[in-house]
file upload24.cif (mmCIF, C-alpha atoms)
data_data
#
loop_
_atom_site.label_atom_id
_atom_site.label_comp_id
_atom_site.auth_asym_id
_atom_site.auth_seq_id
_atom_site.Cartn_x
_atom_site.Cartn_y
_atom_site.Cartn_z
CA MET Y 53 14.12 -64.40 7.02
CA ASN Y 54 13.90 -67.13 9.58
CA GLN Y 55 16.62 -69.56 8.57
CA PRO Y 56 15.36 -72.68 10.46
CA SER Y 57 11.97 -72.47 8.68
CA ASN Y 58 13.62 -72.70 5.29
CA PRO Y 59 13.73 -76.37 4.19
CA PHE Y 60 15.97 -75.71 1.16
CA LEU Y 61 19.06 -74.00 2.56
CA LYS Y 62 20.72 -76.96 4.23
CA PHE Y 63 19.64 -79.44 1.56
CA ILE Y 64 21.15 -77.40 -1.29
CA GLN Y 65 24.34 -76.84 0.69
CA ASN Y 66 24.72 -80.58 1.40
CA ASN Y 67 23.77 -81.77 -2.10
CA ARG Y 68 25.05 -78.93 -4.22
CA GLU Y 69 27.46 -80.87 -6.45
CA GLU Y 70 24.88 -83.52 -7.28
CA LEU Y 71 22.22 -80.90 -8.04
CA LEU Y 72 24.71 -78.92 -10.11
CA THR Y 73 25.76 -81.88 -12.23
CA GLU Y 74 22.23 -83.09 -12.96
CA TRP Y 75 20.81 -79.64 -13.62
CA THR Y 76 23.69 -78.72 -15.92
CA ASP Y 77 23.06 -81.88 -17.96
CA LYS Y 78 19.36 -81.01 -18.22
CA MET Y 79 20.12 -77.46 -19.36
CA LYS Y 80 22.46 -78.69 -22.10
CA ALA Y 81 19.87 -81.23 -23.26
CA LEU Y 82 17.13 -78.58 -23.38
CA ASP Y 83 19.20 -75.99 -25.25
CA ASP Y 84 19.12 -75.40 -28.99
CA PRO Y 85 21.93 -77.51 -30.54
CA LYS Y 86 23.08 -74.45 -32.49
CA VAL Y 87 23.64 -72.63 -29.19
CA SER Y 88 24.98 -75.55 -27.15
CA SER Y 89 27.54 -76.36 -29.85
CA VAL Y 90 29.01 -72.88 -29.40
CA LEU Y 91 28.83 -72.56 -25.61
CA SER Y 92 31.28 -74.51 -23.48
CA ASP Y 93 30.18 -76.83 -20.66
CA GLN Y 94 31.69 -74.35 -18.23
CA VAL Y 95 29.14 -71.71 -19.27
CA TYR Y 96 26.26 -73.97 -18.20
CA THR Y 97 28.05 -74.90 -14.96
CA ASN Y 98 28.78 -71.26 -14.13
CA THR Y 99 25.17 -70.25 -14.84
CA CYS Y 100 23.75 -72.98 -12.62
CA ASN Y 101 26.26 -72.14 -9.89
CA GLU Y 102 25.41 -68.47 -10.01
CA TYR Y 103 21.69 -69.18 -9.73
CA MET Y 104 22.20 -71.40 -6.69
CA ASN Y 105 24.35 -68.70 -5.09
CA ILE Y 106 21.43 -66.29 -5.53
CA LEU Y 107 19.07 -68.76 -3.87
CA LEU Y 108 21.41 -69.25 -0.92
CA LEU Y 109 21.87 -65.50 -0.48
CA SER Y 110 18.12 -65.12 -0.35
CA PHE Y 111 17.69 -68.02 2.08
CA ARG Y 112 20.31 -66.49 4.40
CA GLY Y 113 18.43 -63.20 4.47
CA GLU Y 114 21.02 -61.18 2.53
CA ASP Y 115 18.27 -59.34 0.66
CA GLN Y 116 20.29 -56.16 0.11
CA GLU Y 117 22.45 -57.96 -2.49
CA ILE Y 118 19.75 -59.97 -4.20
CA THR Y 119 18.38 -57.40 -6.67
CA SER Y 120 21.78 -56.43 -8.07
CA LYS Y 121 22.89 -60.08 -8.19
CA ILE Y 122 19.76 -61.08 -10.10
CA SER Y 123 20.12 -58.11 -12.45
CA ASP Y 124 23.73 -59.06 -13.28
CA PHE Y 125 22.76 -62.71 -13.68
CA SER Y 126 19.86 -61.88 -16.02
CA GLN Y 127 22.00 -59.59 -18.14
CA ARG Y 128 24.59 -62.33 -18.62
CA ILE Y 129 22.03 -64.90 -19.76
CA VAL Y 130 20.60 -62.38 -22.23
CA GLN Y 131 24.10 -61.85 -23.63
CA GLN Y 132 24.49 -65.63 -23.97
CA GLY Y 133 21.53 -65.63 -26.35
CA TRP Y 134 19.15 -67.75 -24.25
CA SER Y 135 15.46 -67.19 -24.82
CA LEU Y 136 12.94 -66.36 -22.10
CA ARG Y 137 11.23 -69.67 -22.76
CA TYR Y 138 14.48 -71.58 -22.30
CA ILE Y 139 15.29 -69.81 -19.03
CA SER Y 140 11.77 -70.36 -17.70
CA THR Y 141 11.93 -74.06 -18.61
CA SER Y 142 15.40 -74.44 -17.07
CA LEU Y 143 14.26 -72.91 -13.76
CA SER Y 144 11.26 -75.21 -13.78
CA GLU Y 145 13.55 -78.21 -14.34
CA PHE Y 146 15.64 -77.19 -11.34
CA ASN Y 147 12.50 -76.99 -9.21
CA LYS Y 148 11.46 -80.47 -10.33
CA LEU Y 149 14.92 -81.84 -9.66
CA LEU Y 150 15.09 -80.29 -6.20
CA PHE Y 151 11.57 -81.41 -5.31
CA SER Y 152 12.14 -85.00 -6.44
CA LYS Y 153 15.33 -85.32 -4.38
CA MET Y 154 13.79 -83.78 -1.29
CA THR Y 155 10.64 -85.90 -1.34
CA VAL Y 156 12.08 -89.38 -1.71
CA ASP Y 157 10.04 -91.66 0.61
CA GLU Y 158 8.11 -88.65 1.96
CA SER Y 159 4.37 -88.75 2.65
CA GLU Y 160 1.89 -86.89 0.49
CA GLU Y 161 1.29 -84.49 3.35
CA ASN Y 162 4.99 -83.57 3.54
CA LYS Y 163 5.13 -83.22 -0.22
CA MET Y 164 2.28 -80.71 -0.11
CA LYS Y 165 4.05 -78.75 2.61
CA LEU Y 166 7.12 -78.58 0.41
CA VAL Y 167 5.05 -77.29 -2.49
CA TRP Y 168 3.93 -74.39 -0.29
CA SER Y 169 7.55 -73.82 0.68
CA PHE Y 170 8.49 -73.55 -3.00
CA ASP Y 171 5.88 -70.82 -3.42
CA LYS Y 172 7.26 -68.98 -0.40
CA TRP Y 173 11.03 -69.28 -0.91
CA ILE Y 174 11.86 -70.06 -4.54
CA SER Y 175 8.99 -68.79 -6.74
CA PRO Y 176 9.64 -65.10 -5.86
CA ILE Y 177 13.30 -65.49 -6.85
CA ASN Y 178 12.35 -67.12 -10.15
CA SER Y 179 9.80 -64.39 -10.86
CA GLU Y 180 12.44 -61.72 -10.23
CA VAL Y 181 14.92 -63.51 -12.51
CA LEU Y 182 12.36 -63.57 -15.35
CA TYR Y 183 11.39 -59.94 -14.72
CA GLN Y 184 15.00 -58.78 -14.76
CA TYR Y 185 15.63 -60.90 -17.88
CA ALA Y 186 12.73 -59.20 -19.68
CA SER Y 187 13.96 -55.75 -18.59
CA SER Y 188 17.51 -56.49 -19.71
CA TRP Y 189 16.24 -57.84 -23.03
CA GLU Y 190 14.16 -54.72 -23.63
CA ARG Y 191 17.16 -52.49 -22.90
CA THR Y 192 19.32 -54.54 -25.27
CA VAL Y 193 16.73 -54.41 -28.07
CA SER Y 194 16.24 -50.67 -27.53
CA LEU Y 195 19.99 -50.01 -27.83
CA GLN Y 196 20.18 -52.20 -30.94
CA LYS Y 197 17.23 -50.35 -32.48
CA ILE Y 198 18.93 -47.00 -31.89
CA ALA Y 199 22.15 -48.33 -33.43
CA LEU Y 200 20.30 -49.68 -36.47
CA GLN Y 201 18.45 -46.40 -36.90
CA GLU Y 202 21.77 -44.59 -36.96
CA LEU Y 203 23.02 -46.97 -39.65
CA SER Y 204 19.76 -47.17 -41.62
CA ALA Y 205 20.29 -43.93 -43.52
CA PRO Y 206 23.97 -42.93 -43.54
CA LEU Y 207 25.10 -39.95 -45.60
CA ILE Y 208 28.57 -40.62 -47.01
CA PRO Y 209 30.80 -37.94 -48.61
CA VAL Y 210 32.45 -39.42 -51.72
CA PHE Y 211 33.90 -36.28 -53.33
CA GLU Y 212 34.09 -32.68 -52.26
CA ASN Y 213 30.51 -31.31 -52.23
CA ILE Y 214 29.11 -34.72 -53.31
CA THR Y 215 27.48 -37.15 -50.88
CA VAL Y 216 25.72 -40.49 -51.25
CA MET Y 217 22.95 -42.01 -49.13
CA PRO Y 218 22.72 -45.78 -49.81
CA LEU Y 219 19.38 -47.23 -48.73
CA VAL Y 220 18.88 -50.93 -48.05
CA GLY Y 221 15.62 -52.66 -47.08
CA THR Y 222 12.07 -51.42 -46.74
CA ILE Y 223 11.26 -47.78 -46.06
CA ASP Y 224 8.49 -47.06 -43.56
CA THR Y 225 7.29 -43.72 -42.16
CA GLU Y 226 9.68 -43.80 -39.19
CA ARG Y 227 12.68 -44.56 -41.37
CA ALA Y 228 11.62 -41.94 -43.92
CA LYS Y 229 11.73 -39.37 -41.11
CA ARG Y 230 15.26 -40.49 -40.24
CA ILE Y 231 16.29 -40.25 -43.93
CA MET Y 232 14.98 -36.70 -44.11
CA GLU Y 233 16.80 -35.65 -40.92
CA ASN Y 234 20.09 -37.20 -42.00
CA LEU Y 235 19.85 -35.70 -45.47
CA LEU Y 236 19.28 -32.16 -44.27
CA GLN Y 237 21.89 -32.35 -41.50
CA GLY Y 238 24.39 -34.00 -43.86
CA VAL Y 239 23.95 -31.42 -46.62
CA VAL Y 240 24.83 -28.65 -44.18
CA LYS Y 241 27.61 -30.59 -42.42
CA HIS Y 242 29.39 -31.70 -45.61
CA ARG Y 243 28.49 -28.55 -47.60
CA ALA Y 244 27.05 -30.82 -50.25
CA GLU Y 245 25.99 -29.41 -53.58
CA VAL Y 246 24.75 -32.75 -54.92
CA VAL Y 247 23.19 -35.61 -52.96
CA LEU Y 248 22.71 -39.07 -54.49
CA ILE Y 249 20.01 -41.29 -53.00
CA ASP Y 250 20.89 -44.86 -53.98
CA ILE Y 251 17.87 -47.20 -53.88
CA THR Y 252 19.65 -50.23 -55.36
CA GLY Y 253 19.00 -52.15 -52.13
CA VAL Y 254 15.35 -51.13 -51.74
CA PRO Y 255 13.27 -54.16 -52.76
CA VAL Y 256 9.97 -52.37 -53.40
CA VAL Y 257 9.21 -48.80 -54.45
CA ASP Y 258 5.50 -48.13 -54.02
CA THR Y 259 3.52 -44.89 -53.89
CA MET Y 260 4.41 -44.24 -50.24
CA VAL Y 261 8.14 -44.80 -50.77
CA ALA Y 262 8.11 -42.58 -53.87
CA HIS Y 263 6.29 -39.89 -51.89
CA HIS Y 264 8.99 -39.96 -49.21
CA ILE Y 265 11.73 -39.76 -51.85
CA ILE Y 266 10.04 -36.79 -53.54
CA GLN Y 267 9.72 -35.05 -50.17
CA ALA Y 268 13.39 -35.69 -49.39
CA SER Y 269 14.42 -34.35 -52.79
CA GLU Y 270 12.36 -31.20 -52.30
CA ALA Y 271 13.81 -30.66 -48.82
CA VAL Y 272 17.35 -30.99 -50.21
CA ARG Y 273 16.53 -28.44 -52.92
CA LEU Y 274 15.26 -25.98 -50.33
CA VAL Y 275 18.59 -26.03 -48.48
CA GLY Y 276 20.47 -25.25 -51.67
CA ALA Y 277 21.54 -28.66 -53.02
CA LYS Y 278 20.48 -30.92 -55.87
CA CYS Y 279 19.22 -34.48 -55.47
CA LEU Y 280 19.78 -37.45 -57.79
CA LEU Y 281 17.93 -40.72 -57.49
CA VAL Y 282 20.14 -43.64 -58.57
CA GLY Y 283 19.92 -47.42 -58.66
CA ILE Y 284 16.57 -47.64 -60.44
CA ARG Y 285 16.36 -51.22 -61.67
CA PRO Y 286 14.11 -52.12 -64.66
CA GLU Y 287 11.45 -53.73 -62.44
CA ILE Y 288 11.39 -50.66 -60.19
CA ALA Y 289 11.06 -48.39 -63.23
CA GLN Y 290 8.13 -50.49 -64.48
CA THR Y 291 6.42 -50.32 -61.09
CA ILE Y 292 6.84 -46.53 -60.97
CA VAL Y 293 5.29 -46.19 -64.44
CA ASN Y 294 2.40 -48.55 -63.63
CA LEU Y 295 1.60 -46.65 -60.46
CA GLY Y 296 1.66 -43.34 -62.30
CA ILE Y 297 4.26 -41.88 -59.95
CA ASP Y 298 5.67 -38.58 -61.21
CA LEU Y 299 9.44 -38.35 -60.70
CA SER Y 300 9.92 -35.80 -63.46
CA GLN Y 301 11.24 -33.22 -61.01
CA ILE Y 302 14.02 -35.56 -59.87
CA ILE Y 303 17.12 -36.47 -61.88
CA THR Y 304 17.31 -40.27 -62.09
CA LYS Y 305 20.10 -42.66 -63.10
CA ASN Y 306 20.12 -46.43 -63.32
CA SER Y 307 23.38 -46.90 -61.41
CA LEU Y 308 25.50 -45.22 -58.76
CA GLN Y 309 28.37 -44.93 -61.25
CA LYS Y 310 26.23 -42.95 -63.69
CA GLY Y 311 24.97 -40.83 -60.82
CA ILE Y 312 28.47 -39.93 -59.64
CA GLU Y 313 29.48 -39.02 -63.19
CA SER Y 314 26.48 -36.67 -63.41
CA ALA Y 315 27.22 -35.23 -59.96
CA LEU Y 316 30.80 -34.45 -61.03
CA GLU Y 317 29.51 -32.67 -64.14
CA MET Y 318 27.13 -30.62 -61.99
CA THR Y 319 30.08 -29.49 -59.89
CA ASN Y 320 32.18 -28.70 -63.00
CA ARG Y 321 34.35 -31.80 -62.76
CA GLN Y 322 34.70 -35.00 -64.70
CA ILE Y 323 36.55 -38.29 -64.63
CA VAL Y 324 39.31 -38.48 -67.23
CA SER Y 325 41.68 -41.25 -68.25
CA LEU Y 326 45.39 -40.60 -67.93
CA GLU Y 327 47.26 -42.12 -70.82
CA GLU Y 328 50.84 -43.18 -70.21
#
call {"tool": "encode", "arguments": {"input": "upload24.cif", "output": "C-alpha cells"}}
result
Amino acid sequence: MNQPSNPFLKFIQNNREELLTEWTDKMKALDDPKVSSVLSDQVYTNTCNEYMNILLLSFRGEDQEITSKISDFSQRIVQQGWSLRYISTSLSEFNKLLFSKMTVDESEENKMKLVWSFDKWISPINSEVLYQYASSWERTVSLQKIALQELSAPLIPVFENITVMPLVGTIDTERAKRIMENLLQGVVKHRAEVVLIDITGVPVVDTMVAHHIIQASEAVRLVGAKCLLVGIRPEIAQTIVNLGIDLSQIITKNSLQKGIESALEMTNRQIVSLEE
C-alpha cells in the first residue's frame, strides 16, 4: 500500500488517545446494560485499542498479519458475548467519529474525497471483521451443538446391569436418532440387562415421541435387554390414552424410584431395610 495516499494513518496516530476515549464511551453507551455491568471498562478500551492496531497494520502495508489478527480479534469479541449487530454498530460509530474529526472546517469536496477513502481503506477491514466474527460464531455454535447432543441423551449406570437414560426437553427426529444410538451402545458397553427411560422432564408426549420410544424399546430388546418407561405423569398418561397410543409391549412406571425397584426385581435383587 502506498502510505502517503492514506489520509487516516497519521491522523489516527496523532489523535489516538482522543479517539480511543470517545469511542470507548460510545461503545459502553451502546452496549446492553446487562453486559456492560459485567464487563470492566478495560475490556472496552482493550477492544478499541486492538481494532485500531489492526487498522494501522493494514495502513502500513503489513497485510501478512492482518487475517490472523482479525481472526483472533473476532474470536475474542464473540467470547465476550457481543452480538453481530452491536459490533457492526460500534464500527459504524468509530467511522462517524473519525470522519467528523477529520472534516472539521473542510469543504464538501474534501469531505466527499474522504468518503471514497473510507471505502478504500477502512470498509474492507470492517467487512473482514464482520466475516470473521460470523465464522467464529458459527464454529462456537457448532461446538456447543455437538456438546449438547452428547449431553441430550446420556445413559447412566446406576446398579450393576441397570442403566437409566433421563430425558429432558422436546424430542425431535434428530434427537431420537441420538437416543437410539446411545441406548444401543450403552447396553453393550455397560452390559445392561434393564434400561430405564425416564421421561419425567419431557413436556409433551405425542404420537411421534411415543413412536420413537417404542422403537427404542424394541431395539433394546433385540440386543438382549429389557426396557422400562418411567416418569409417566397423569397428564402424559391421559394424552397417551386420548391419542390411542399402544404402549402395552413396554413396562411402564410412574416414577424412577418404582422403575428401579422393578429393575432390581428383574435382576433378582431387591432393596431391603436393615434393622438395628
call {"tool": "atom_distance", "arguments": {"input": "upload24.cif", "atom1": "CA of Arg321 (chain Y)", "atom2": "CA of Thr304 (chain Y)"}}
result
19.0 Å
call {"tool": "residues_around", "arguments": {"input": "upload24.cif", "residues": "Ile312 (chain Y)", "least_positions_apart": "4", "cutoff": "12 Å", "atoms": "only C-alpha atoms", "output": "PyMOL selection string"}}
result
chain Y and resi 209-216+246-250+279-283+304-308+316-319+321-323
call {"tool": "axis_aligned_box", "arguments": {"input": "upload24.cif", "around": "region 155-160 of chain Y", "padding_each_side": "3 Å", "output": "JSON"}}
result
{"center_x": 7.0, "center_y": -88.8, "center_z": 0.5, "size_x": 16.2, "size_y": 11.8, "size_z": 10.4}
call {"tool": "atom_distance", "arguments": {"input": "upload24.cif", "atom1": "CA of Asn320 (chain Y)", "atom2": "CA of Thr252 (chain Y)"}}
result
26.1 Å
call {"tool": "closest_residue", "arguments": {"input": "upload24.cif", "among": "Y:Tyr103, Y:Glu70, Y:Ile284, Y:Pro59", "to": "Leu166 (chain Y)", "atoms": "all atoms listed in the file"}}
result
Y:Pro59
call {"tool": "closest_residue", "arguments": {"input": "upload24.cif", "among": "Y:Leu149, Y:Val257, Y:Val167, Y:Val130", "to": "Pro286 (chain Y)", "atoms": "only C-alpha atoms"}}
result
Y:Val257
call {"tool": "resolve_selection", "arguments": {"input": "upload24.cif", "expression": "the PyMOL selection byres ((chain Y and resi 173-179) around 10)", "output": "number ranges by chain"}}
result
Y: 53, 58-61, 103, 106-107, 110-111, 118-119, 122, 139-140, 143-144, 147, 168-172, 180-185
call {"tool": "decode", "arguments": {"input": "upload24.cif", "residues": "region 125-137 of chain Y", "atoms": "all heavy atoms", "output": "JSON list (two decimals), in the first residue's frame"}}
result
[["chain", "number", "residue", "atom", "x", "y", "z"],
["Y", 125, "PHE", "N", -9.07, -11.28, 16.93],
["Y", 125, "PHE", "CA", -9.89, -10.19, 17.44],
["Y", 125, "PHE", "C", -11.37, -10.59, 17.43],
["Y", 125, "PHE", "O", -12.09, -10.41, 18.42],
["Y", 125, "PHE", "CB", -9.66, -8.94, 16.58],
["Y", 125, "PHE", "CG", -10.58, -7.79, 16.89],
["Y", 125, "PHE", "CD1", -10.46, -7.06, 18.06],
["Y", 125, "PHE", "CD2", -11.59, -7.42, 16.00],
["Y", 125, "PHE", "CE1", -11.29, -5.99, 18.34],
["Y", 125, "PHE", "CE2", -12.43, -6.36, 16.27],
["Y", 125, "PHE", "CZ", -12.28, -5.64, 17.45],
["Y", 126, "SER", "N", -11.82, -11.16, 16.31],
["Y", 126, "SER", "CA", -13.24, -11.55, 16.18],
["Y", 126, "SER", "C", -13.60, -12.65, 17.16],
["Y", 126, "SER", "O", -14.69, -12.63, 17.74],
["Y", 126, "SER", "CB", -13.52, -12.01, 14.74],
["Y", 126, "SER", "OG", -13.24, -10.97, 13.82],
["Y", 127, "GLN", "N", -12.69, -13.58, 17.36],
["Y", 127, "GLN", "CA", -12.96, -14.67, 18.31],
["Y", 127, "GLN", "C", -13.12, -14.14, 19.73],
["Y", 127, "GLN", "O", -13.99, -14.60, 20.48],
["Y", 127, "GLN", "CB", -11.83, -15.70, 18.25],
["Y", 127, "GLN", "CG", -12.12, -16.96, 19.03],
["Y", 127, "GLN", "CD", -11.09, -18.05, 18.79],
["Y", 127, "GLN", "OE1", -10.23, -17.90, 17.93],
["Y", 127, "GLN", "NE2", -11.17, -19.12, 19.52],
["Y", 128, "ARG", "N", -12.31, -13.15, 20.08],
["Y", 128, "ARG", "CA", -12.40, -12.58, 21.42],
["Y", 128, "ARG", "C", -13.74, -11.86, 21.64],
["Y", 128, "ARG", "O", -14.34, -11.96, 22.71],
["Y", 128, "ARG", "CB", -11.23, -11.64, 21.68],
["Y", 128, "ARG", "CG", -10.01, -12.34, 22.26],
["Y", 128, "ARG", "CD", -8.95, -11.37, 22.72],
["Y", 128, "ARG", "NE", -8.24, -10.78, 21.60],
["Y", 128, "ARG", "CZ", -7.21, -11.35, 20.99],
["Y", 128, "ARG", "NH1", -6.78, -12.52, 21.37],
["Y", 128, "ARG", "NH2", -6.61, -10.75, 19.98],
["Y", 129, "ILE", "N", -14.19, -11.11, 20.62],
["Y", 129, "ILE", "CA", -15.45, -10.38, 20.82],
["Y", 129, "ILE", "C", -16.65, -11.32, 20.83],
["Y", 129, "ILE", "O", -17.67, -11.03, 21.46],
["Y", 129, "ILE", "CB", -15.64, -9.24, 19.77],
["Y", 129, "ILE", "CG1", -15.62, -9.77, 18.34],
["Y", 129, "ILE", "CG2", -14.58, -8.17, 19.96],
["Y", 129, "ILE", "CD1", -15.77, -8.68, 17.28],
["Y", 130, "VAL", "N", -16.52, -12.47, 20.15],
["Y", 130, "VAL", "CA", -17.57, -13.49, 20.26],
["Y", 130, "VAL", "C", -17.62, -14.03, 21.69],
["Y", 130, "VAL", "O", -18.69, -14.17, 22.29],
["Y", 130, "VAL", "CB", -17.32, -14.65, 19.26],
["Y", 130, "VAL", "CG1", -18.20, -15.85, 19.60],
["Y", 130, "VAL", "CG2", -17.60, -14.19, 17.83],
["Y", 131, "GLN", "N", -16.44, -14.31, 22.25],
["Y", 131, "GLN", "CA", -16.36, -14.85, 23.61],
["Y", 131, "GLN", "C", -16.87, -13.86, 24.65],
["Y", 131, "GLN", "O", -17.32, -14.26, 25.73],
["Y", 131, "GLN", "CB", -14.92, -15.24, 23.92],
["Y", 131, "GLN", "CG", -14.42, -16.44, 23.12],
["Y", 131, "GLN", "CD", -12.93, -16.67, 23.24],
["Y", 131, "GLN", "OE1", -12.19, -15.83, 23.74],
["Y", 131, "GLN", "NE2", -12.47, -17.83, 22.79],
["Y", 132, "GLN", "N", -16.79, -12.56, 24.32],
["Y", 132, "GLN", "CA", -17.29, -11.54, 25.25],
["Y", 132, "GLN", "C", -18.81, -11.40, 25.19],
["Y", 132, "GLN", "O", -19.40, -10.66, 25.98],
["Y", 132, "GLN", "CB", -16.62, -10.19, 24.94],
["Y", 132, "GLN", "CG", -15.19, -10.14, 25.46],
["Y", 132, "GLN", "CD", -14.32, -9.09, 24.80],
["Y", 132, "GLN", "OE1", -13.11, -9.14, 24.87],
["Y", 132, "GLN", "NE2", -14.92, -8.11, 24.15],
["Y", 133, "GLY", "N", -19.44, -12.11, 24.27],
["Y", 133, "GLY", "CA", -20.90, -12.13, 24.21],
["Y", 133, "GLY", "C", -21.53, -10.99, 23.44],
["Y", 133, "GLY", "O", -22.74, -10.75, 23.55],
["Y", 134, "TRP", "N", -20.74, -10.27, 22.64],
["Y", 134, "TRP", "CA", -21.28, -9.16, 21.85],
["Y", 134, "TRP", "C", -21.94, -9.67, 20.59],
["Y", 134, "TRP", "O", -21.42, -10.55, 19.90],
["Y", 134, "TRP", "CB", -20.17, -8.17, 21.50],
["Y", 134, "TRP", "CG", -19.76, -7.30, 22.65],
["Y", 134, "TRP", "CD1", -20.55, -6.89, 23.68],
["Y", 134, "TRP", "CD2", -18.47, -6.73, 22.90],
["Y", 134, "TRP", "NE1", -19.84, -6.11, 24.56],
["Y", 134, "TRP", "CE2", -18.56, -5.99, 24.10],
["Y", 134, "TRP", "CE3", -17.25, -6.76, 22.22],
["Y", 134, "TRP", "CZ2", -17.48, -5.29, 24.63],
["Y", 134, "TRP", "CZ3", -16.17, -6.09, 22.76],
["Y", 134, "TRP", "CH2", -16.29, -5.35, 23.95],
["Y", 135, "SER", "N", -23.09, -9.10, 20.27],
["Y", 135, "SER", "CA", -23.83, -9.53, 19.09],
["Y", 135, "SER", "C", -23.24, -8.93, 17.82],
["Y", 135, "SER", "O", -22.51, -7.93, 17.86],
["Y", 135, "SER", "CB", -25.30, -9.10, 19.21],
["Y", 135, "SER", "OG", -25.41, -7.68, 19.15],
["Y", 136, "LEU", "N", -23.58, -9.53, 16.69],
["Y", 136, "LEU", "CA", -23.12, -9.02, 15.40],
["Y", 136, "LEU", "C", -23.66, -7.60, 15.16],
["Y", 136, "LEU", "O", -22.95, -6.74, 14.63],
["Y", 136, "LEU", "CB", -23.60, -9.95, 14.28],
["Y", 136, "LEU", "CG", -23.14, -9.61, 12.86],
["Y", 136, "LEU", "CD1", -21.63, -9.62, 12.75],
["Y", 136, "LEU", "CD2", -23.76, -10.59, 11.86],
["Y", 137, "ARG", "N", -24.88, -7.37, 15.57],
["Y", 137, "ARG", "CA", -25.47, -6.04, 15.41],
["Y", 137, "ARG", "C", -24.71, -5.00, 16.22],
["Y", 137, "ARG", "O", -24.44, -3.89, 15.74],
["Y", 137, "ARG", "CB", -26.94, -6.08, 15.85],
["Y", 137, "ARG", "CG", -27.66, -4.74, 15.71],
["Y", 137, "ARG", "CD", -29.11, -4.87, 16.11],
["Y", 137, "ARG", "NE", -29.81, -3.62, 15.95],
["Y", 137, "ARG", "CZ", -31.10, -3.44, 16.23],
["Y", 137, "ARG", "NH1", -31.81, -4.45, 16.68],
["Y", 137, "ARG", "NH2", -31.66, -2.27, 16.07]]
